Amino acid sequence: MKKLHLGKYLTLEEFCTCTNTYQKYAEQINPFPENLVETLPALQDLNGFILEPIIDFFGIDKFRLTYGFCSKDLKRYLDKKDLETGQKNGRVAPDIDQHIAHEVNKNGKYYCQRLGASCDFSIEGEGSDRVIDWILSQKLPFDSLYYYGADRPIHISYGPQHKREIWTFNSSGQPTQKGIAHWVELAKELKI
């Protein structure tokens with residue numbers, strides 16, 4: 001696929017090939033969307049409304065995309081266990097996390113009914129908590145945001161619901177809003 005820009009900074013190829021799982025199994029995975037008519041605009045919207053303001057402020061040299069689009073092939077490999085380690089290649093929740101954007105299954109149904117698109121990223125030299133403070137101060141129209149810790153990437157989505165929900169996860173991996181009440185309240189104010 002020729003170099004297709006999703007906006008000012010990122011290409012479709014970068015967005016589809018940034019995961020460790022893709023890097024490991026690149027020869028067996030088609031990382032690109034099949035439903036280009038709907039998925040491509042969703043990825044462009046995520047870039048234009050969310051990622052570009054972040055990159056404009058923090059700089060492209062500090063921006064690290066760790067997980068972008070999840071193709072059907074990548075989803076299959078994320079579900080599998082690594083033969084060397086016995087560990088699952090990745091956590092994947094395509095029915096809710098929006099990484100699979102507008103892709104459809106063999107029955108013509110969207111994998112993720114929430115639609116939109118998402119990615120995980122970090123800003124080198126900045127704690128994710130500071131980046132979230134900035135996102136909220138700028139009133140970016142995100143749908144969901146997951147905070148995994150100050151030294152971990154942020155998950156953020158853009159979609160038609162614009163829920164502006166923020167979640168973190170407890171020690172057993174369950175979503176919670178405990179400990180992030182200040183962000184939850186601020187995000188609620190932004191919905192008004």
# chains A, B, ... in the order shown; residues from 1 in each chain; ligands from 1
>>> residues_around(residues="stretch 35-50 of chain A", least_positions_apart="6", cutoff="6 Å", atoms="only C-alpha atoms", output="PyMOL selection string")
chain A and resi 6+101-103+116-117+158
>>> select_by_dssp(residues="stretch 3-168 of chain A", states="strand (DSSP E or B)", output="ChimeraX atom specification")
/A:5,11,63-67,81,88,104,110,117-123,144-147,154-158,165-168
>>> write_last_selection(atoms="C-alpha atoms", output="mmCIF file, in the first residue's frame")
data_model
loop_
_atom_site.group_PDB
_atom_site.id
_atom_site.type_symbol
_atom_site.label_atom_id
_atom_site.label_comp_id
_atom_site.auth_asym_id
_atom_site.auth_seq_id
_atom_site.Cartn_x
_atom_site.Cartn_y
_atom_site.Cartn_z
ATOM 1 C CA HIS A 5 -0.999 10.153 5.343
ATOM 2 C CA THR A 11 0.949 7.506 7.877
ATOM 3 C CA PHE A 63 5.531 11.146 20.293
ATOM 4 C CA ARG A 64 5.625 7.310 20.434
ATOM 5 C CA LEU A 65 2.760 5.337 18.902
ATOM 6 C CA THR A 66 2.703 1.931 20.613
ATOM 7 C CA TYR A 67 -0.573 0.477 19.288
ATOM 8 C CA LYS A 81 0.106 -17.496 22.758
ATOM 9 C CA LYS A 88 -0.592 -14.361 25.146
ATOM 10 C CA VAL A 104 -16.584 -5.952 9.746
ATOM 11 C CA TYR A 110 -18.884 -4.406 12.976
ATOM 12 C CA ALA A 117 -10.888 4.526 16.231
ATOM 13 C CA SER A 118 -8.270 4.392 18.974
ATOM 14 C CA CYS A 119 -4.556 4.148 19.639
ATOM 15 C CA ASP A 120 -2.070 3.881 22.481
ATOM 16 C CA PHE A 121 0.796 6.360 22.698
ATOM 17 C CA SER A 122 3.296 7.928 25.038
ATOM 18 C CA ILE A 123 5.225 11.174 25.101
ATOM 19 C CA SER A 144 -12.541 6.905 25.974
ATOM 20 C CA LEU A 145 -9.200 7.343 27.692
ATOM 21 C CA TYR A 146 -7.402 4.603 29.672
ATOM 22 C CA TYR A 147 -4.718 5.502 32.179
ATOM 23 C CA ILE A 154 -2.234 6.183 27.220
ATOM 24 C CA HIS A 155 -5.125 4.624 25.311
ATOM 25 C CA ILE A 156 -7.369 7.207 23.654
ATOM 26 C CA SER A 157 -10.239 6.970 21.196
ATOM 27 C CA TYR A 158 -12.300 9.252 19.029
ATOM 28 C CA GLU A 165 -14.916 8.564 29.878
ATOM 29 C CA ILE A 166 -11.679 7.995 31.741
ATOM 30 C CA TRP A 167 -10.703 4.649 33.259
ATOM 31 C CA THR A 168 -7.774 3.183 35.068
#
>>> select_by_dssp(residues="stretch 27-57 of chain A", states="alpha helix (DSSP H)", output="list of chain:residue names")
A:Leu36, A:Val37, A:Glu38, A:Thr39, A:Leu40, A:Pro41, A:Ala42, A:Leu43, A:Gln44, A:Asp45, A:Leu46, A:Glu52, A:Pro53, A:Ile54, A:Ile55, A:Asp56, A:Phe57
>>> atom_distance(atom1="atom CA of A:Glu126", atom2="atom CA of A:Trp183")
17.6 Å
>>> atom_distance(atom1="atom CA of A:Pro153", atom2="atom CA of A:Asp129")
10.1 Å
>>> atom_distance(atom1="atom CA of A:Glu189", atom2="atom CA of A:Gln138")
12.8 Å
>>> residues_around(residues="A:Ile60", least_positions_apart="5", cutoff="9 Å", atoms="only C-alpha atoms", output="list in words")
Tyr9, Ile54 and Ile55 of chain A
>>> write_last_selection(atoms="C-alpha atoms", output="PDB file, in the first residue's frame")
ATOM      1  CA  TYR A   9       2.210  13.576  10.988  1.00  0.00           C
ATOM      2  CA  ILE A  54      -1.106  16.490  21.130  1.00  0.00           C
ATOM      3  CA  ILE A  55       1.792  16.266  18.685  1.00  0.00           C
TER       4      ILE A  55
END
>>> closest_residue(among="A:Phe169, A:Phe15, A:Phe69, A:Tyr77", to="A:Ile29", atoms="only C-alpha atoms")
A:Tyr77
>>> closest_residue(among="A:Leu74, A:Leu4, A:Ile96, A:Leu115", to="A:Glu27", atoms="only C-alpha atoms")
A:Leu74
>>> closest_residue(among="A:Gln174, A:Glu52, A:Lys72, A:Tyr22", to="A:Gly7", atoms="only C-alpha atoms")
A:Glu52
